[in-house]
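K.L.:
Got a file for you: final_36.csv, CSV, C-alpha atoms.
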chain,number,residue,atom,x,y,z
A,1460,MET,CA,120.6,295.2,147.4
A,1461,THR,CA,124.4,295.1,147.4
A,1462,TYR,CA,124.4,291.3,147.5
A,1463,ARG,CA,122.1,291.1,144.5
A,1464,VAL,CA,124.3,293.5,142.5
A,1465,LEU,CA,127.4,291.5,143.4
A,1466,LEU,CA,125.7,288.2,142.5
A,1467,LEU,CA,124.5,289.6,139.1
A,1468,SER,CA,128.0,290.9,138.4
A,1469,CYS,CA,129.5,287.5,139.1
A,1470,LEU,CA,126.9,285.7,136.9
A,1471,LEU,CA,127.6,288.2,134.1
A,1472,ALA,CA,131.3,287.8,134.4
A,1473,THR,CA,131.0,284.0,134.3
A,1474,SER,CA,128.7,284.2,131.3
A,1475,LEU,CA,131.1,286.4,129.4
A,1476,TYR,CA,134.0,284.1,130.3
A,1477,ALA,CA,132.1,281.1,129.0
A,1478,GLN,CA,131.2,283.0,125.8
A,1479,THR,CA,134.8,283.8,125.2
A,1480,ALA,CA,135.7,280.1,125.4
A,1481,GLU,CA,133.1,279.3,122.8
A,1482,GLU,CA,134.4,282.0,120.6
A,1483,ILE,CA,138.0,280.8,120.9
A,1484,ILE,CA,137.1,277.3,120.0
A,1485,ALA,CA,134.9,278.4,117.1
A,1486,ARG,CA,137.9,280.4,115.7
A,1487,ALA,CA,140.3,277.6,116.2
A,1488,GLU,CA,138.0,275.1,114.5
A,1489,ASP,CA,137.2,277.3,111.6
A,1490,ILE,CA,140.9,277.7,110.9
A,1491,ILE,CA,141.3,274.0,110.1
A,1492,ARG,CA,137.8,273.4,108.6
A,1493,GLY,CA,136.2,276.4,106.9
A,1494,LYS,CA,132.7,276.2,105.5
A,1495,THR,CA,133.9,274.0,102.6
A,1496,SER,CA,137.3,272.6,101.7
A,1497,GLN,CA,139.1,270.5,99.1
A,1498,GLY,CA,142.6,269.1,99.6
A,1499,THR,CA,145.3,266.5,99.2
A,1500,PHE,CA,146.8,264.9,102.2
A,1501,GLU,CA,149.4,262.4,103.1
A,1502,MET,CA,148.9,260.0,106.0
A,1503,THR,CA,151.6,257.8,107.6
A,1504,VAL,CA,150.6,255.1,110.1
A,1505,VAL,CA,153.4,254.0,112.4
A,1506,THR,CA,153.2,250.8,114.5
A,1507,PRO,CA,155.9,248.6,116.1
A,1508,GLU,CA,155.3,246.1,113.2
A,1509,PHE,CA,155.1,248.4,110.1
A,1510,THR,CA,154.9,251.8,108.6
A,1511,ARG,CA,152.6,252.6,105.8
A,1512,THR,CA,151.9,255.8,103.9
A,1513,MET,CA,148.9,256.8,101.8
A,1514,VAL,CA,147.8,259.9,99.8
A,1515,MET,CA,144.2,260.9,99.5
A,1516,ASP,CA,142.0,263.6,98.0
A,1517,SER,CA,139.1,264.9,100.0
A,1518,TRP,CA,136.1,267.2,99.7
A,1519,TRP,CA,134.1,268.6,102.7
A,1520,VAL,CA,131.0,270.7,103.2
A,1521,GLY,CA,130.9,271.5,106.9
A,1522,THR,CA,130.0,268.5,109.0
A,1523,GLU,CA,127.2,267.5,106.5
A,1524,LYS,CA,129.0,266.0,103.5
A,1525,SER,CA,132.4,264.5,102.7
A,1526,LEU,CA,134.1,262.4,100.1
A,1527,ILE,CA,137.6,260.8,100.6
A,1528,VAL,CA,139.4,259.1,97.8
A,1529,ILE,CA,142.7,257.1,98.2
A,1530,LYS,CA,145.2,257.9,95.5
A,1531,SER,CA,148.1,255.7,96.6
A,1532,PRO,CA,149.5,253.2,97.3
A,1533,LYS,CA,148.3,251.4,94.2
A,1534,LYS,CA,146.7,248.5,95.9
A,1535,GLU,CA,144.4,250.9,97.8
A,1536,ALA,CA,143.9,253.5,95.1
A,1537,GLY,CA,140.2,254.1,94.3
A,1538,ASN,CA,138.9,253.1,97.7
A,1539,LYS,CA,136.4,255.8,98.8
A,1540,TRP,CA,134.4,257.0,101.8
A,1541,LEU,CA,131.2,259.0,101.4
A,1542,LYS,CA,129.4,260.8,104.2
A,1543,ILE,CA,126.0,262.4,103.9
A,1544,GLY,CA,124.3,263.7,107.0
A,1545,ASN,CA,124.9,261.1,109.7
A,1546,GLU,CA,125.4,258.2,107.3
A,1547,MET,CA,128.7,256.9,105.9
A,1548,TRP,CA,129.7,254.4,103.2
A,1549,ASN,CA,132.9,252.8,102.2
A,1550,TYR,CA,133.5,251.7,98.5
A,1551,LEU,CA,136.2,249.0,98.0
A,1552,LYS,CA,137.5,249.2,94.4
A,1553,ALA,CA,139.0,245.7,94.3
A,1554,THR,CA,135.7,244.0,94.9
A,1555,GLU,CA,133.5,246.9,93.6
A,1556,THR,CA,131.4,246.7,96.7
A,1557,THR,CA,129.9,249.4,98.9
A,1558,ILE,CA,129.6,248.9,102.7
A,1559,LYS,CA,127.5,251.1,105.0
A,1560,ILE,CA,129.3,252.1,108.2
A,1561,PRO,CA,126.9,252.0,111.1
A,1562,PRO,CA,126.9,254.7,113.8
A,1563,SER,CA,128.3,252.2,116.3
A,1564,MET,CA,131.6,252.1,114.3
A,1565,MET,CA,132.2,255.9,114.2
A,1566,LEU,CA,134.8,255.5,117.0
A,1567,GLN,CA,136.6,252.6,115.2
A,1568,SER,CA,139.9,253.1,113.5
A,1569,TRP,CA,139.8,254.6,110.0
A,1570,ASN,CA,141.8,252.5,107.5
A,1571,GLY,CA,144.1,251.2,110.2
A,1572,SER,CA,145.1,254.7,111.4
A,1573,ASP,CA,144.7,256.4,114.8
A,1574,PHE,CA,142.0,258.5,113.2
A,1575,THR,CA,138.4,257.4,113.8
A,1576,ASN,CA,135.7,257.2,111.2
A,1577,ASP,CA,134.2,260.2,113.1
A,1578,ASP,CA,137.4,262.3,112.4
A,1579,LEU,CA,137.4,261.7,108.7
A,1580,ALA,CA,133.7,262.1,108.3
A,1581,ARG,CA,133.7,265.2,110.5
A,1582,GLU,CA,130.6,263.9,112.1
A,1583,SER,CA,131.0,266.1,115.2
A,1584,SER,CA,132.0,269.7,115.7
A,1585,TYR,CA,133.7,271.2,118.8
A,1586,LYS,CA,131.7,274.4,118.5
A,1587,VAL,CA,128.3,272.8,117.8
A,1588,ASP,CA,128.4,269.6,119.9
A,1589,TYR,CA,130.4,270.6,123.0
A,1590,THR,CA,130.3,273.3,125.7
A,1591,ALA,CA,133.6,275.1,126.1
A,1592,THR,CA,135.1,276.3,129.3
A,1593,ILE,CA,138.4,278.0,129.9
A,1594,VAL,CA,140.1,276.1,132.7
A,1595,GLY,CA,143.6,277.7,132.6
A,1596,GLU,CA,146.4,279.2,130.7
A,1597,GLU,CA,149.6,277.3,129.9
A,1598,GLU,CA,152.6,277.5,127.6
A,1599,ILE,CA,153.1,274.9,124.8
A,1600,ASN,CA,156.5,275.0,123.1
A,1601,GLY,CA,157.0,278.5,124.4
A,1602,GLU,CA,153.6,279.8,123.1
A,1603,PRO,CA,151.0,281.1,125.6
A,1604,CYS,CA,147.8,279.1,125.2
A,1605,TRP,CA,144.3,278.9,126.6
A,1606,LYS,CA,143.5,275.5,128.1
A,1607,ILE,CA,139.9,274.8,127.2
A,1608,ARG,CA,137.7,271.9,128.4
A,1609,LEU,CA,135.0,270.6,126.0
A,1610,ASP,CA,132.1,268.7,127.5
A,1611,PRO,CA,129.5,267.1,125.3
A,1612,LYS,CA,126.1,268.8,125.1
A,1613,PRO,CA,123.3,266.6,126.4
A,1614,GLU,CA,121.7,266.2,123.0
A,1615,ALA,CA,124.9,265.7,121.1
A,1616,ALA,CA,125.6,262.2,119.6
A,1617,VAL,CA,129.4,262.3,120.1
A,1618,VAL,CA,132.0,259.7,120.7
A,1619,TRP,CA,134.2,261.4,123.3
A,1620,GLY,CA,133.4,261.9,127.0
A,1621,LYS,CA,135.6,264.9,127.4
A,1622,ILE,CA,138.2,266.9,125.3
A,1623,TYR,CA,140.9,269.3,126.3
A,1624,GLY,CA,142.3,271.7,123.8
A,1625,TRP,CA,145.3,274.2,124.0
A,1626,VAL,CA,144.8,277.1,121.7
A,1627,ARG,CA,147.5,279.6,120.9
A,1628,LYS,CA,146.6,283.1,122.0
A,1629,LYS,CA,148.4,284.9,119.2
A,1630,ASP,CA,146.7,283.3,116.3
A,1631,TYR,CA,143.9,280.9,117.6
A,1632,ILE,CA,145.7,277.8,116.3
A,1633,PHE,CA,145.4,274.5,118.2
A,1634,SER,CA,148.7,273.3,119.8
A,1635,VAL,CA,147.5,270.1,121.4
A,1636,VAL,CA,144.1,268.4,121.8
A,1637,GLN,CA,143.5,265.5,124.2
A,1638,PHE,CA,140.6,263.0,123.9
A,1639,PHE,CA,139.1,261.1,126.8
A,1640,ASP,CA,136.5,258.4,126.8
A,1641,GLU,CA,133.3,258.4,129.0
A,1642,LYS,CA,135.3,256.8,131.9
A,1643,GLY,CA,137.8,259.7,131.9
A,1644,ARG,CA,140.7,257.7,130.3
A,1645,LEU,CA,143.0,259.5,127.9
A,1646,ILE,CA,142.7,257.6,124.6
A,1647,ARG,CA,144.8,259.8,122.3
A,1648,TYR,CA,146.2,263.2,121.8
A,1649,ILE,CA,147.0,265.3,118.7
A,1650,VAL,CA,150.0,267.6,118.4
A,1651,TYR,CA,149.8,270.3,115.7
A,1652,SER,CA,152.9,271.6,114.0
A,1653,GLY,CA,154.2,272.8,110.6
A,1654,ILE,CA,152.4,276.1,110.8
A,1655,LYS,CA,152.4,277.9,107.5
A,1656,THR,CA,150.1,279.8,105.2
A,1657,MET,CA,148.1,277.5,102.9
A,1658,GLY,CA,144.7,278.0,101.2
A,1659,GLY,CA,144.8,281.7,102.1
A,1660,ARG,CA,145.2,281.2,105.8
A,1661,LYS,CA,147.7,280.3,108.5
A,1662,LEU,CA,147.2,276.8,109.8
A,1663,PRO,CA,149.0,273.7,111.2
A,1664,THR,CA,149.9,271.4,108.2
A,1665,ILE,CA,151.2,268.5,110.3
A,1666,TRP,CA,148.9,266.7,112.8
A,1667,THR,CA,150.5,263.9,114.8
A,1668,ILE,CA,148.1,261.6,116.6
A,1669,TYR,CA,149.6,259.6,119.5
A,1670,ASN,CA,147.6,256.5,120.6
A,1671,LYS,CA,147.6,256.0,124.4
A,1672,VAL,CA,145.9,252.6,124.2
A,1673,LYS,CA,148.2,251.0,121.7
A,1674,LYS,CA,151.8,251.5,122.7
A,1675,GLY,CA,154.1,252.6,119.8
A,1676,HIS,CA,151.2,253.6,117.5
A,1677,ARG,CA,150.9,257.0,116.0
A,1678,THR,CA,149.6,258.6,112.8
A,1679,ILE,CA,151.1,261.6,111.0
A,1680,PHE,CA,148.7,263.6,108.9
A,1681,LYS,CA,150.2,266.1,106.5
A,1682,ILE,CA,148.3,268.7,104.5
A,1683,LEU,CA,149.9,268.8,101.0
A,1684,ASP,CA,147.4,271.2,99.4
A,1685,ILE,CA,144.1,272.7,100.5
A,1686,LYS,CA,141.5,275.3,99.4
A,1687,PHE,CA,138.8,276.7,101.7
A,1688,ASN,CA,135.3,278.1,101.2
A,1689,ILE,CA,135.1,277.1,97.5
A,1690,ARG,CA,132.1,275.9,95.6
A,1691,ILE,CA,131.9,272.1,95.5
A,1692,PRO,CA,129.4,270.5,93.0
A,1693,ASP,CA,126.6,268.4,94.6
A,1694,ARG,CA,127.5,265.5,92.3
A,1695,ILE,CA,130.7,265.0,94.3
A,1696,PHE,CA,128.6,263.7,97.2
A,1697,SER,CA,126.7,261.0,95.4
A,1698,PHE,CA,126.7,257.2,95.0
A,1699,ARG,CA,127.5,257.6,91.3
A,1700,GLU,CA,130.7,259.4,92.3
A,1701,LEU,CA,131.4,257.0,95.1
A,1702,GLU,CA,131.2,254.0,92.8
A,1703,ARG,CA,132.8,255.6,89.8
A,1704,GLY,CA,136.0,253.9,88.7
A,1705,ASP,CA,139.0,256.2,88.5
Would you mind giving the structure from this file in C-alpha cells?

P.N.:
Amino acid sequence: MTYRVLLLSCLLATSLYAQTAEEIIARAEDIIRGKTSQGTFEMTVVTPEFTRTMVMDSWWVGTEKSLIVIKSPKKEAGNKWLKIGNEMWNYLKATETTIKIPPSMMLQSWNGSDFTNDDLARESSYKVDYTATIVGEEEINGEPCWKIRLDPKPEAAVVWGKIYGWVRKKDYIFSVVQFFDEKGRLIRYIVYSGIKTMGGRKLPTIWTIYNKVKKGHRTIFKILDIKFNIRIPDRIFSFRELERGD
C-alpha cells in the first residue's frame, strides 16, 4: 500500500512538473506573439562578404495567417510573403510573379537571412507542436532562468529535431533559444535583448540569430513598432492584397 502511495505521489509530482514547463513556454511564447499582431521591423543580415538591412511591415493571426511586406531597400520594396494555413506564397514585385513555397522549403533561408521560412510564417508553435520539459536552472547574463527542452510531438510537422530554451524566471521572457536538427546538431541559436515595453507589454525588441553552420553569419532582428491582439481585416490575407502594387 505504501509503495502504491509513493508511486502515485511520484507520478503526480512528475505530471505537475511537466505541466509547469508547458505553462512557462506558453507564457514566454505569448509574450512575443499574442493572438494577433501588426508591426514594423528592421532586419540586418551580416556575412563575411556583405551586410544588408531591410525594413518590413507584417500582420499575423496566430500561426494560421501572415503577410510580410518589404518596405526598403528600394530594389526589394513591394516584395511580399503570404501564409494561409500550411501554404505560403512569395510575390516578386519586379517581375509581378507569385511563387508558391513548398513545405519542403520551410527550413530554407528566408530572403538570405538566418531566419527560415518557417520562422517568418510562424508555421510551428512551441506550445502546440512540442512537449516541454524542465531540465535545469541556469543564469543567463545574471538572470535566473529555467532551461527547458522542447521535443516534437509525434504528429507535429516541424522542422527542428530538438529545441532548448532559457526563460527568465522574473518575467517569462526568453533569454536564449537553441535549435538542433534531427541528428542532434546545433544549427543556430537566438539571443534576445533590448527588453522594453512596447505594444502594451514587456518584451525583447532585439533578436540576434547566430548561424552555427555558416561561420560569420548572423541576423539581427529589431522590433521598431508593434501592436498586439488587434483586429486585422480578412482582406489583408488575400491574393488581391499579395499582388497589389504599393

K.L.:
Can you pull out every residue within 6 Å of range 1676-1684 of chain A, counting only C-alpha atoms, but drop anything in the same chain fewer than 5 positions away, and send it as JSON, numbers by chain?

P.N.:
{"A": [1498, 1499, 1500, 1501, 1502, 1503, 1504, 1505, 1506, 1573, 1664, 1665, 1666, 1667, 1668, 1669, 1670]}

K.L.:
Around the point (132.7, 260.6, 117.4), in the coordinates given by the file, pick out the residues reaching within 9 Å, counting only C-alpha atoms, and return them as a compact mmCIF listing (two decimals) with C-alpha atoms, in the coordinates of the input.

P.N.:
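Resulting contents of out-v5.txt:
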# COMPACT_ATOMS: atom_id res chain seq x y z
CA MET A 1565 132.20 255.90 114.20
CA LEU A 1566 134.80 255.50 117.00
CA THR A 1575 138.40 257.40 113.80
CA ASN A 1576 135.70 257.20 111.20
CA ASP A 1577 134.20 260.20 113.10
CA ASP A 1578 137.40 262.30 112.40
CA ARG A 1581 133.70 265.20 110.50
CA GLU A 1582 130.60 263.90 112.10
CA SER A 1583 131.00 266.10 115.20
CA ALA A 1616 125.60 262.20 119.60
CA VAL A 1617 129.40 262.30 120.10
CA VAL A 1618 132.00 259.70 120.70
CA TRP A 1619 134.20 261.40 123.30

K.L.:
Nearest to Glu1508 in chain A among A:Glu1641, A:Gly1571, A:Ser1697, A:Gly1675, with distances taken over all atoms listed in the file: which residue is it?

P.N.:
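Looking only at the distances to Glu1508 in chain A, the closest residue turns out to be A:Gly1675.
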
K.L.:
Which residues come within 7 Å of range 1584-1598 of chain A, counting all atoms listed in the file, excluding same-chain residues fewer than 5 positions away, as a PDB file with C-alpha atoms, in the coordinates of the input?

P.N.:
ATOM      1  CA  ALA A1477     132.100 281.100 129.000  1.00  0.00           C
ATOM      2  CA  ALA A1480     135.700 280.100 125.400  1.00  0.00           C
ATOM      3  CA  GLU A1481     133.100 279.300 122.800  1.00  0.00           C
ATOM      4  CA  ILE A1484     137.100 277.300 120.000  1.00  0.00           C
ATOM      5  CA  ALA A1485     134.900 278.400 117.100  1.00  0.00           C
ATOM      6  CA  PRO A1603     151.000 281.100 125.600  1.00  0.00           C
ATOM      7  CA  CYS A1604     147.800 279.100 125.200  1.00  0.00           C
ATOM      8  CA  TRP A1605     144.300 278.900 126.600  1.00  0.00           C
ATOM      9  CA  LYS A1606     143.500 275.500 128.100  1.00  0.00           C
ATOM     10  CA  ILE A1607     139.900 274.800 127.200  1.00  0.00           C
ATOM     11  CA  ARG A1608     137.700 271.900 128.400  1.00  0.00           C
ATOM     12  CA  LEU A1609     135.000 270.600 126.000  1.00  0.00           C
ATOM     13  CA  ASP A1610     132.100 268.700 127.500  1.00  0.00           C
ATOM     14  CA  PRO A1611     129.500 267.100 125.300  1.00  0.00           C
ATOM     15  CA  LYS A1612     126.100 268.800 125.100  1.00  0.00           C
ATOM     16  CA  ALA A1615     124.900 265.700 121.100  1.00  0.00           C
TER      17      ALA A1615
END

K.L.:
For a test of reading the model, state the distance in Å between CA of Phe1687 in chain A and CA of Ile1599 in chain A, rounded to one decimal.

P.N.:
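That distance, rounded to one decimal, is 27.2 Å.
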
K.L.:
Please compute the CA of Ser1652 in chain A-CA of Asn1600 in chain A distance, one decimal, in Å.

P.N.:
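If I compute the distance from CA of Ser1652 in chain A to CA of Asn1600 in chain A, I get 10.4 Å.
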